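One file, model20.txt, is given below (compact mmCIF, C-alpha atoms).
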```txt
# COMPACT_ATOMS: atom_id res chain seq x y z
CA MET O 13 -10.37 -37.29 -2.47
CA GLU O 14 -9.10 -37.40 -6.02
CA ILE O 15 -6.77 -34.55 -6.80
CA SER O 16 -8.04 -31.96 -9.27
CA GLN O 17 -6.65 -32.18 -12.79
CA THR O 18 -6.63 -28.40 -13.12
CA VAL O 19 -3.56 -27.12 -14.94
CA PHE O 20 -2.23 -24.04 -13.20
CA LYS O 21 -0.68 -21.34 -15.37
CA TYR O 22 2.10 -19.10 -14.18
CA ASP O 23 4.01 -16.09 -15.43
CA VAL O 24 7.47 -14.85 -14.47
CA LYS O 25 8.67 -11.24 -14.35
CA LYS O 26 12.42 -10.71 -14.12
CA LEU O 27 13.97 -7.64 -12.50
CA ASP O 28 17.59 -6.60 -12.23
CA VAL O 29 17.30 -4.73 -8.93
CA THR O 30 14.43 -4.01 -6.57
CA ASP O 31 14.09 -3.15 -2.91
CA SER O 32 12.03 -6.27 -2.24
CA THR O 33 10.24 -8.68 -4.55
CA ASN O 34 7.37 -8.83 -2.05
CA ASN O 35 7.02 -5.05 -2.17
CA TRP O 36 7.10 -5.04 -5.97
CA LEU O 37 4.57 -7.83 -6.34
CA ARG O 38 2.17 -6.56 -3.69
CA HIS O 39 0.73 -3.91 -6.01
CA ILE O 40 0.69 -5.92 -9.25
CA PRO O 41 -2.69 -7.48 -10.10
CA LEU O 42 -3.03 -11.01 -11.38
CA MET O 43 -4.20 -11.31 -14.97
CA PRO O 44 -7.32 -13.47 -15.49
CA ASP O 45 -5.39 -16.22 -17.28
CA VAL O 46 -2.59 -16.46 -14.69
CA ASP O 47 -2.83 -18.51 -11.48
CA PHE O 48 0.64 -17.75 -10.11
CA LEU O 49 2.66 -14.61 -10.79
CA PHE O 50 6.37 -14.88 -9.99
CA VAL O 51 8.89 -12.06 -9.85
CA THR O 52 12.62 -12.67 -9.56
CA THR O 53 15.51 -10.30 -9.08
CA GLU O 54 19.27 -10.42 -9.30
CA TYR O 55 19.63 -8.24 -6.23
CA GLN O 56 17.46 -6.83 -3.44
CA THR O 57 18.43 -3.59 -1.74
CA ALA O 58 16.14 -4.24 1.23
CA GLY O 59 15.69 -8.00 1.28
CA LYS O 60 13.96 -9.02 4.49
CA GLY O 61 13.87 -12.09 6.62
CA GLN O 62 11.50 -12.70 9.51
CA GLY O 63 11.12 -9.87 12.02
CA ASN O 64 13.97 -7.37 11.72
CA ASN O 65 16.34 -9.82 10.06
CA ARG O 66 18.02 -9.04 6.74
CA TRP O 67 18.61 -11.60 4.00
CA GLU O 68 22.20 -11.57 2.71
CA SER O 69 22.53 -12.39 -0.98
CA GLU O 70 25.43 -11.82 -3.35
CA ARG O 71 24.27 -10.23 -6.60
CA GLY O 72 23.38 -12.75 -9.32
CA LYS O 73 24.23 -15.79 -7.22
CA ASN O 74 21.00 -16.86 -5.56
CA LEU O 75 17.33 -17.36 -6.31
CA LEU O 76 15.27 -14.49 -4.94
CA PHE O 77 11.61 -14.53 -5.88
CA SER O 78 8.09 -13.81 -4.74
CA VAL O 79 4.91 -15.49 -5.90
CA LYS O 80 1.33 -14.23 -5.74
CA CYS O 81 -1.86 -16.26 -6.02
CA LEU O 82 -5.54 -16.17 -5.09
CA PRO O 83 -6.13 -19.25 -2.91
CA TRP O 84 -9.38 -21.14 -3.19
CA ARG O 85 -11.52 -20.81 -0.05
CA VAL O 86 -8.75 -20.91 2.54
CA LYS O 87 -10.14 -19.58 5.80
CA ALA O 88 -8.29 -16.73 7.49
CA SER O 89 -7.78 -18.99 10.49
CA GLN O 90 -6.04 -21.53 8.23
CA GLN O 91 -3.70 -19.20 6.37
CA TYR O 92 -0.65 -20.95 7.83
CA LEU O 93 -1.55 -23.79 5.46
CA LEU O 94 -0.38 -21.63 2.54
CA LEU O 95 3.02 -21.13 4.11
CA GLN O 96 3.25 -24.87 4.71
CA THR O 97 2.48 -25.48 1.03
CA VAL O 98 5.30 -23.21 -0.12
CA ALA O 99 7.73 -24.78 2.35
CA VAL O 100 6.84 -28.30 1.21
CA ALA O 101 7.24 -27.41 -2.48
CA VAL O 102 10.61 -25.69 -1.99
CA CYS O 103 11.96 -28.41 0.30
CA LEU O 104 11.01 -31.28 -2.02
CA VAL O 105 12.61 -29.58 -5.02
CA LEU O 106 15.81 -28.91 -3.08
CA ARG O 107 15.89 -32.52 -1.93
CA ARG O 108 15.80 -33.70 -5.55
CA GLN O 109 18.39 -31.16 -6.64
CA LEU O 110 20.69 -32.28 -3.83
CA CYS O 111 20.33 -35.99 -4.67
CA ASP O 112 17.17 -36.55 -2.60
CA SER O 113 19.04 -35.59 0.53
CA ASP O 114 17.26 -36.47 3.76
CA LYS O 115 19.32 -33.72 5.38
CA CYS O 116 17.13 -31.13 3.64
CA ARG O 117 14.20 -30.40 5.97
CA ILE O 118 11.66 -27.73 6.93
CA LYS O 119 12.56 -25.87 10.10
CA TRP O 120 9.43 -24.44 11.68
CA PRO O 121 7.85 -22.29 10.56
CA ASN O 122 9.22 -21.86 7.02
CA ASP O 123 12.99 -22.16 6.69
CA ILE O 124 14.70 -24.96 4.78
CA TYR O 125 17.69 -26.41 6.57
CA TYR O 126 20.44 -28.71 5.36
CA GLY O 127 21.59 -30.42 8.51
CA ASP O 128 21.91 -27.58 11.00
CA LYS O 129 22.52 -24.90 8.36
CA LYS O 130 20.04 -22.54 6.73
CA LEU O 131 19.55 -23.02 3.01
CA SER O 132 16.33 -21.06 2.37
CA GLY O 133 13.86 -18.73 4.05
CA THR O 134 10.34 -17.52 3.27
CA LEU O 135 8.39 -14.40 4.22
CA SER O 136 4.64 -14.48 3.52
CA GLU O 137 1.80 -11.94 3.49
CA CYS O 138 -1.96 -12.37 3.19
CA THR O 139 -4.83 -10.02 2.53
CA LEU O 140 -8.25 -11.08 3.80
CA ARG O 141 -11.76 -10.73 2.50
CA ASN O 142 -14.44 -11.53 5.04
CA ALA O 143 -13.42 -14.83 6.63
CA TYR O 144 -11.13 -15.98 3.82
CA VAL O 145 -7.69 -15.31 2.39
CA ASN O 146 -7.93 -13.07 -0.66
CA GLU O 147 -4.36 -12.66 -1.93
CA PHE O 148 -1.31 -14.61 -0.81
CA VAL O 149 2.26 -13.46 -1.46
CA ALA O 150 5.31 -15.49 -0.47
CA GLY O 151 8.86 -14.20 -0.82
CA VAL O 152 11.52 -16.90 -0.99
CA GLY O 153 15.30 -16.65 -0.81
CA ILE O 154 17.40 -19.71 -1.65
CA ASN O 155 21.18 -19.77 -1.29
CA VAL O 156 22.16 -21.28 -4.64
CA ASN O 157 25.62 -20.41 -5.95
CA GLN O 158 27.02 -18.12 -3.26
CA LEU O 159 30.23 -19.52 -1.81
CA SER O 160 30.96 -17.08 1.03
CA PHE O 161 28.72 -15.21 3.44
CA LEU O 162 29.90 -11.98 5.02
CA SER O 163 27.09 -11.08 7.42
CA ASP O 164 26.94 -12.17 11.04
CA ALA O 165 24.31 -14.80 10.24
CA PRO O 166 25.64 -17.83 12.13
CA ASN O 167 24.73 -20.77 9.92
CA PRO O 168 24.10 -20.10 6.18
CA VAL O 169 24.87 -22.68 3.51
CA SER O 170 24.33 -22.77 -0.25
CA MET O 171 23.47 -25.49 -2.73
CA ALA O 172 26.82 -24.97 -4.44
CA GLN O 173 28.69 -25.40 -1.16
CA ILE O 174 26.86 -28.66 -0.54
CA ALA O 175 27.08 -30.15 -4.05
CA GLU O 176 30.38 -28.49 -5.10
CA HIS O 177 28.97 -27.26 -8.41
CA ASP O 178 26.75 -24.43 -9.63
CA PHE O 179 23.04 -24.72 -10.35
CA ASP O 180 20.84 -23.18 -13.05
CA ARG O 181 18.58 -20.76 -11.17
CA ASN O 182 16.02 -20.54 -13.99
CA LEU O 183 15.55 -24.31 -14.04
CA LEU O 184 15.32 -24.32 -10.26
CA LEU O 185 12.52 -21.75 -10.33
CA ASP O 186 10.68 -23.73 -13.01
CA GLU O 187 10.83 -26.87 -10.85
CA ILE O 188 9.55 -24.97 -7.82
CA ALA O 189 6.65 -23.50 -9.83
CA LYS O 190 5.61 -26.97 -11.00
CA GLU O 191 5.89 -28.41 -7.49
CA LEU O 192 3.92 -25.54 -6.01
CA ALA O 193 1.16 -26.04 -8.60
CA TYR O 194 1.00 -29.73 -7.72
CA TRP O 195 0.44 -29.08 -4.02
CA PHE O 196 -1.99 -26.22 -4.64
CA LYS O 197 -4.31 -28.71 -6.33
CA TYR O 198 -5.01 -30.09 -2.87
CA ILE O 199 -6.01 -26.61 -1.74
CA THR O 200 -8.34 -26.30 -4.72
CA ASN O 201 -9.97 -29.56 -3.62
CA GLU O 202 -10.04 -28.38 0.02
CA ASP O 203 -8.13 -31.56 0.88
CA TYR O 204 -5.49 -30.23 3.25
CA ASN O 205 -4.24 -33.37 5.00
CA PRO O 206 -1.68 -34.39 2.33
CA ILE O 207 0.01 -30.98 2.70
CA ILE O 208 -0.07 -31.06 6.50
CA ASN O 209 1.20 -34.64 6.62
CA LYS O 210 4.05 -34.01 4.18
CA TYR O 211 5.09 -30.87 6.07
CA GLN O 212 5.29 -32.79 9.32
CA GLU O 213 7.01 -35.76 7.68
CA ILE O 214 9.95 -33.67 6.47
CA MET O 215 10.25 -31.38 9.48
CA TYR O 216 13.60 -30.56 11.01
CA ARG O 217 13.85 -32.09 14.52
CA ARG O 218 10.80 -34.23 13.81
CA THR O 219 12.08 -36.90 16.19
CA GLY O 220 14.29 -36.99 19.25
CA MET O 221 14.93 -34.75 22.24
CA HIS O 222 16.48 -31.36 21.43
CA ARG O 223 17.40 -28.16 23.21
CA TYR O 224 15.37 -24.95 22.97
CA TYR O 225 15.22 -21.57 24.63
CA ASP O 226 12.21 -19.46 25.65
CA LYS O 227 11.65 -16.50 27.98
CA TYR O 228 12.10 -18.79 30.97
CA GLY O 229 15.43 -20.23 29.82
CA GLU O 230 16.80 -23.39 28.21
CA PHE O 231 14.93 -26.68 28.15
CA GLU O 232 14.80 -30.01 26.36
CA ALA O 233 11.76 -31.15 24.41
CA THR O 234 10.47 -33.33 21.62
CA TYR O 235 8.21 -32.25 18.77
CA GLU O 236 4.51 -32.81 19.48
CA ASP O 237 2.41 -30.99 16.86
CA ILE O 238 1.80 -28.02 14.59
CA LEU O 239 -1.61 -26.46 15.16
CA PRO O 240 -3.78 -25.10 12.30
CA ASN O 241 -2.85 -21.56 13.35
CA GLY O 242 0.84 -22.41 12.90
CA HIS O 243 1.72 -22.64 16.57
CA LEU O 244 4.42 -25.14 17.53
CA VAL O 245 3.72 -27.57 20.36
CA LEU O 246 6.69 -29.10 22.18
CA ARG O 247 6.65 -31.79 24.86
CA ARG O 248 9.22 -31.13 27.58
CA ASN O 249 11.10 -33.98 29.19
CA ASP O 250 8.76 -33.82 32.20
CA GLY O 251 5.76 -34.40 29.91
CA THR O 252 4.53 -30.78 29.94
CA LEU O 253 3.18 -29.43 26.64
CA SER O 254 4.24 -25.92 25.64
CA GLU O 255 2.64 -23.99 22.76
CA TYR O 256 4.56 -21.26 20.93
CA GLU O 257 3.92 -18.57 18.38
CA PHE O 258 6.77 -17.69 16.07
CA LYS O 259 9.60 -15.84 17.84
CA GLU O 260 8.51 -17.17 21.24
CA VAL O 261 10.93 -20.09 21.15
CA LYS O 262 14.43 -20.46 19.75
CA TYR O 263 16.48 -23.45 18.66
CA ILE O 264 19.81 -24.25 20.30
CA PHE O 265 22.26 -26.07 18.06
CA LYS O 266 25.17 -28.36 18.86
CA THR O 267 28.20 -26.12 18.49
CA THR O 268 31.53 -25.57 20.19
CA GLU O 269 31.45 -24.65 23.87
CA LYS O 270 32.43 -21.09 22.98
CA MET O 271 29.34 -20.74 20.79
CA ARG O 272 27.04 -22.89 22.92
CA LYS O 273 24.76 -20.01 23.87
CA ARG O 274 24.15 -18.87 20.32
CA VAL O 275 20.52 -19.45 19.44
CA ILE O 276 18.77 -19.25 16.11
CA MET O 277 15.16 -18.34 15.31
```
Can you give me the file's structure in the form of structure tokens?
Amino acid sequence: MEISQTVFKYDVKKLDVTDSTNNWLRHIPLMPDVDFLFVTTEYQTAGKGQGNNRWESERGKNLLFSVKCLPWRVKASQQYLLLQTVAVAVCLVLRRQLCDSDKCRIKWPNDIYYGDKKLSGTLSECTLRNAYVNEFVAGVGINVNQLSFLSDAPNPVSMAQIAEHDFDRNLLLDEIAKELAYWFKYITNEDYNPIINKYQEIMYRRTGMHRYYDKYGEFEATYEDILPNGHLVLRRNDGTLSEYEFKEVKYIFKTTEKMRKRVIM
């Protein structure tokens, strides 16, 4: 299917401090001439990660933003596709910014990793109307120019730590907005396979046998599939297929023996 030539328009609101960009944006309506509304902040007092996790960010150092849009005819059962679209757009931009680094990959379901370290995370929300997604809001945190992390998060990394120079956060947001608009054209055309294929192509642990942990203990498995509902399917070394919702399985990383049991969502 030929991609739509629609030109998406976006607007950016800039805040100094807010509790959460997702919270701020949730109650702001989209204007008729705006397809994507972005809000950025220098600092979040209650920045959230997945579940009960907090997102550590030094004031004025990182890119913290949320984006709202009204997706075109995405079924409620397919809403994970929207999160995949955001992850693909962010990951591809970060790859280009970091010299097209193959180390920059999407860790299921929505984090961006550089090697085994976390570079970015996303928290999404949807409202539904009948059987379709009405509004979609995604909050994204990217470690850009922060050089030290003080929380007990085990594996953060920033773009500046990787590249050894600072980045312009405004230009970075502009590139992400353009990339997001490009991939949303496939959604407008209801042609989802390019998004799904690109997501899987640049997944973290896409190949090879790796260690994981679930409620039954540690095991080794290879990646098998991502289902339309966002569930991860792993193939254990005995051939058994295991399907997981988010938070039902954890990744075990190669670390020192002292830290071997540390696991990361």
Fill in: Nearest-residue call for Val169 (chain O), choices O:Lys21, O:Lys130, O:Lys227, O:Lys80, using only C-alpha atoms
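That would be O:Lys130, the residue with the smallest distance to Val169 (chain O).
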Item to complete: Considering only C-alpha atoms, state which residue in the set O:Thr200, O:Gln158, O:Thr234, O:Thr139 is at the smallest distance from Tyr216 (chain O).
Response: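 Counting only C-alpha atoms, the residue closest to Tyr216 (chain O) is O:Thr234.
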Worksheet item: So, counting all atoms listed in the file, which residue among O:Thr97, O:Thr57, O:Gln173, O:Asn201 is closest to Arg71 (chain O)?
Response: O:Thr57
Item to complete: Would you kindly return, as number ranges by chain, each protein, DNA or RNA residue with an atom no farther than 7 Å from any atom of Val156 (chain O), considering only C-alpha atoms and excluding same-chain residues fewer than 4 positions away?
Response: O: 73-75, 170-172, 179
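As for CA of Ile207 (chain O) and CA of Gln109 (chain O), they are spaced 20.6 Å apart.
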Practice prompt. Would you list the contacts of Tyr22 (chain O) as a PyMOL selection string, taking every protein, DNA or RNA residue within 6 Å and counting only C-alpha atoms, but skipping same-chain residues closer than 5 positions in sequence?
Written response: chain O and resi 46-49
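Distances from O:Asn34, O:Asn209, O:Ser254, O:Ser160 to Leu135 (chain O) were compared using only C-alpha atoms, and the smallest one belongs to O:Asn34.
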Discussion item. Measuring between only C-alpha atoms, which one of O:Leu162, O:Leu37, O:Ala99, O:Leu192 shows the shortest distance to Pro121 (chain O)?
Written reply: O:Ala99
Discussion item. For a quick check of understanding, using all atoms listed in the file, which of O:Ile118, O:Ala101, O:Leu183, O:Ala143 has the smallest distance to Arg218 (chain O)?
Written reply: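 Closest to Arg218 (chain O) of all the choices is O:Ile118.
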Saving region 173-207 of chain O with N, CA and C atoms, as a PDB file, in the first residue's frame, what would that file be?
```pdb
ATOM      1  N   GLN O 173      26.891  10.439  27.854  1.00  0.00           N
ATOM      2  CA  GLN O 173      27.865   9.465  28.339  1.00  0.00           C
ATOM      3  C   GLN O 173      28.375   8.595  27.198  1.00  0.00           C
ATOM      4  N   ILE O 174      27.477   8.252  26.280  1.00  0.00           N
ATOM      5  CA  ILE O 174      27.870   7.399  25.161  1.00  0.00           C
ATOM      6  C   ILE O 174      28.745   8.155  24.173  1.00  0.00           C
ATOM      7  N   ALA O 175      28.294   9.354  23.763  1.00  0.00           N
ATOM      8  CA  ALA O 175      28.964  10.103  22.693  1.00  0.00           C
ATOM      9  C   ALA O 175      30.044  11.052  23.197  1.00  0.00           C
ATOM     10  N   GLU O 176      30.070  11.304  24.511  1.00  0.00           N
ATOM     11  CA  GLU O 176      31.050  12.202  25.140  1.00  0.00           C
ATOM     12  C   GLU O 176      30.900  13.636  24.652  1.00  0.00           C
ATOM     13  N   HIS O 177      29.669  14.040  24.378  1.00  0.00           N
ATOM     14  CA  HIS O 177      29.369  15.457  24.119  1.00  0.00           C
ATOM     15  C   HIS O 177      27.885  15.671  24.365  1.00  0.00           C
ATOM     16  N   ASP O 178      27.493  16.935  24.560  1.00  0.00           N
ATOM     17  CA  ASP O 178      26.100  17.261  24.803  1.00  0.00           C
ATOM     18  C   ASP O 178      25.297  17.270  23.507  1.00  0.00           C
ATOM     19  N   PHE O 179      23.980  17.181  23.664  1.00  0.00           N
ATOM     20  CA  PHE O 179      23.061  17.212  22.533  1.00  0.00           C
ATOM     21  C   PHE O 179      22.045  18.335  22.728  1.00  0.00           C
ATOM     22  N   ASP O 180      21.557  18.876  21.616  1.00  0.00           N
ATOM     23  CA  ASP O 180      20.522  19.900  21.633  1.00  0.00           C
ATOM     24  C   ASP O 180      19.168  19.209  21.800  1.00  0.00           C
ATOM     25  N   ARG O 181      18.522  19.421  22.927  1.00  0.00           N
ATOM     26  CA  ARG O 181      17.273  18.710  23.212  1.00  0.00           C
ATOM     27  C   ARG O 181      16.128  19.183  22.312  1.00  0.00           C
ATOM     28  N   ASN O 182      16.130  20.452  21.933  1.00  0.00           N
ATOM     29  CA  ASN O 182      15.075  20.954  21.046  1.00  0.00           C
ATOM     30  C   ASN O 182      15.162  20.310  19.658  1.00  0.00           C
ATOM     31  N   LEU O 183      16.379  20.195  19.150  1.00  0.00           N
ATOM     32  CA  LEU O 183      16.549  19.542  17.850  1.00  0.00           C
ATOM     33  C   LEU O 183      16.189  18.065  17.929  1.00  0.00           C
ATOM     34  N   LEU O 184      16.502  17.450  19.052  1.00  0.00           N
ATOM     35  CA  LEU O 184      16.170  16.037  19.237  1.00  0.00           C
ATOM     36  C   LEU O 184      14.659  15.838  19.219  1.00  0.00           C
ATOM     37  N   LEU O 185      13.924  16.712  19.902  1.00  0.00           N
ATOM     38  CA  LEU O 185      12.467  16.602  19.901  1.00  0.00           C
ATOM     39  C   LEU O 185      11.905  16.815  18.503  1.00  0.00           C
ATOM     40  N   ASP O 186      12.466  17.762  17.761  1.00  0.00           N
ATOM     41  CA  ASP O 186      11.995  18.025  16.405  1.00  0.00           C
ATOM     42  C   ASP O 186      12.188  16.796  15.515  1.00  0.00           C
ATOM     43  N   GLU O 187      13.329  16.125  15.657  1.00  0.00           N
ATOM     44  CA  GLU O 187      13.576  14.923  14.873  1.00  0.00           C
ATOM     45  C   GLU O 187      12.610  13.798  15.250  1.00  0.00           C
ATOM     46  N   ILE O 188      12.311  13.676  16.529  1.00  0.00           N
ATOM     47  CA  ILE O 188      11.377  12.637  16.971  1.00  0.00           C
ATOM     48  C   ILE O 188       9.977  12.929  16.443  1.00  0.00           C
ATOM     49  N   ALA O 189       9.564  14.196  16.469  1.00  0.00           N
ATOM     50  CA  ALA O 189       8.236  14.559  15.953  1.00  0.00           C
ATOM     51  C   ALA O 189       8.117  14.209  14.479  1.00  0.00           C
ATOM     52  N   LYS O 190       9.141  14.499  13.698  1.00  0.00           N
ATOM     53  CA  LYS O 190       9.120  14.179  12.267  1.00  0.00           C
ATOM     54  C   LYS O 190       9.089  12.673  12.040  1.00  0.00           C
ATOM     55  N   GLU O 191       9.868  11.931  12.822  1.00  0.00           N
ATOM     56  CA  GLU O 191       9.911  10.479  12.668  1.00  0.00           C
ATOM     57  C   GLU O 191       8.573   9.853  13.071  1.00  0.00           C
ATOM     58  N   LEU O 192       7.991  10.376  14.131  1.00  0.00           N
ATOM     59  CA  LEU O 192       6.701   9.867  14.574  1.00  0.00           C
ATOM     60  C   LEU O 192       5.633  10.109  13.513  1.00  0.00           C
ATOM     61  N   ALA O 193       5.642  11.293  12.911  1.00  0.00           N
ATOM     62  CA  ALA O 193       4.681  11.606  11.849  1.00  0.00           C
ATOM     63  C   ALA O 193       4.854  10.657  10.670  1.00  0.00           C
ATOM     64  N   TYR O 194       6.090  10.343  10.332  1.00  0.00           N
ATOM     65  CA  TYR O 194       6.335   9.416   9.224  1.00  0.00           C
ATOM     66  C   TYR O 194       5.682   8.065   9.484  1.00  0.00           C
ATOM     67  N   TRP O 195       5.886   7.512  10.667  1.00  0.00           N
ATOM     68  CA  TRP O 195       5.356   6.183  10.945  1.00  0.00           C
ATOM     69  C   TRP O 195       3.855   6.201  11.159  1.00  0.00           C
ATOM     70  N   PHE O 196       3.310   7.330  11.617  1.00  0.00           N
ATOM     71  CA  PHE O 196       1.860   7.409  11.793  1.00  0.00           C
ATOM     72  C   PHE O 196       1.134   7.429  10.457  1.00  0.00           C
ATOM     73  N   LYS O 197       1.819   7.743   9.371  1.00  0.00           N
ATOM     74  CA  LYS O 197       1.172   7.668   8.066  1.00  0.00           C
ATOM     75  C   LYS O 197       0.748   6.240   7.735  1.00  0.00           C
ATOM     76  N   TYR O 198       1.495   5.264   8.238  1.00  0.00           N
ATOM     77  CA  TYR O 198       1.089   3.875   8.030  1.00  0.00           C
ATOM     78  C   TYR O 198      -0.197   3.568   8.793  1.00  0.00           C
ATOM     79  N   ILE O 199      -0.342   4.159   9.976  1.00  0.00           N
ATOM     80  CA  ILE O 199      -1.572   3.964  10.740  1.00  0.00           C
ATOM     81  C   ILE O 199      -2.749   4.593  10.012  1.00  0.00           C
ATOM     82  N   THR O 200      -2.540   5.782   9.454  1.00  0.00           N
ATOM     83  CA  THR O 200      -3.598   6.431   8.694  1.00  0.00           C
ATOM     84  C   THR O 200      -4.062   5.566   7.536  1.00  0.00           C
ATOM     85  N   ASN O 201      -3.125   4.852   6.920  1.00  0.00           N
ATOM     86  CA  ASN O 201      -3.445   3.963   5.802  1.00  0.00           C
ATOM     87  C   ASN O 201      -3.883   2.568   6.256  1.00  0.00           C
ATOM     88  N   GLU O 202      -3.926   2.361   7.587  1.00  0.00           N
ATOM     89  CA  GLU O 202      -4.263   1.051   8.149  1.00  0.00           C
ATOM     90  C   GLU O 202      -3.361  -0.048   7.575  1.00  0.00           C
ATOM     91  N   ASP O 203      -2.099   0.303   7.402  1.00  0.00           N
ATOM     92  CA  ASP O 203      -1.065  -0.603   6.892  1.00  0.00           C
ATOM     93  C   ASP O 203      -0.045  -0.795   8.006  1.00  0.00           C
ATOM     94  N   TYR O 204      -0.294  -1.751   8.887  1.00  0.00           N
ATOM     95  CA  TYR O 204       0.452  -1.854  10.133  1.00  0.00           C
ATOM     96  C   TYR O 204       1.735  -2.677  10.034  1.00  0.00           C
ATOM     97  N   ASN O 205       1.859  -3.505   9.019  1.00  0.00           N
ATOM     98  CA  ASN O 205       3.004  -4.416   8.956  1.00  0.00           C
ATOM     99  C   ASN O 205       4.364  -3.722   8.955  1.00  0.00           C
ATOM    100  N   PRO O 206       4.543  -2.588   8.247  1.00  0.00           N
ATOM    101  CA  PRO O 206       5.861  -1.934   8.306  1.00  0.00           C
ATOM    102  C   PRO O 206       6.271  -1.547   9.726  1.00  0.00           C
ATOM    103  N   ILE O 207       5.308  -1.107  10.538  1.00  0.00           N
ATOM    104  CA  ILE O 207       5.610  -0.744  11.925  1.00  0.00           C
ATOM    105  C   ILE O 207       5.981  -1.990  12.723  1.00  0.00           C
TER     106      ILE O 207
END
```
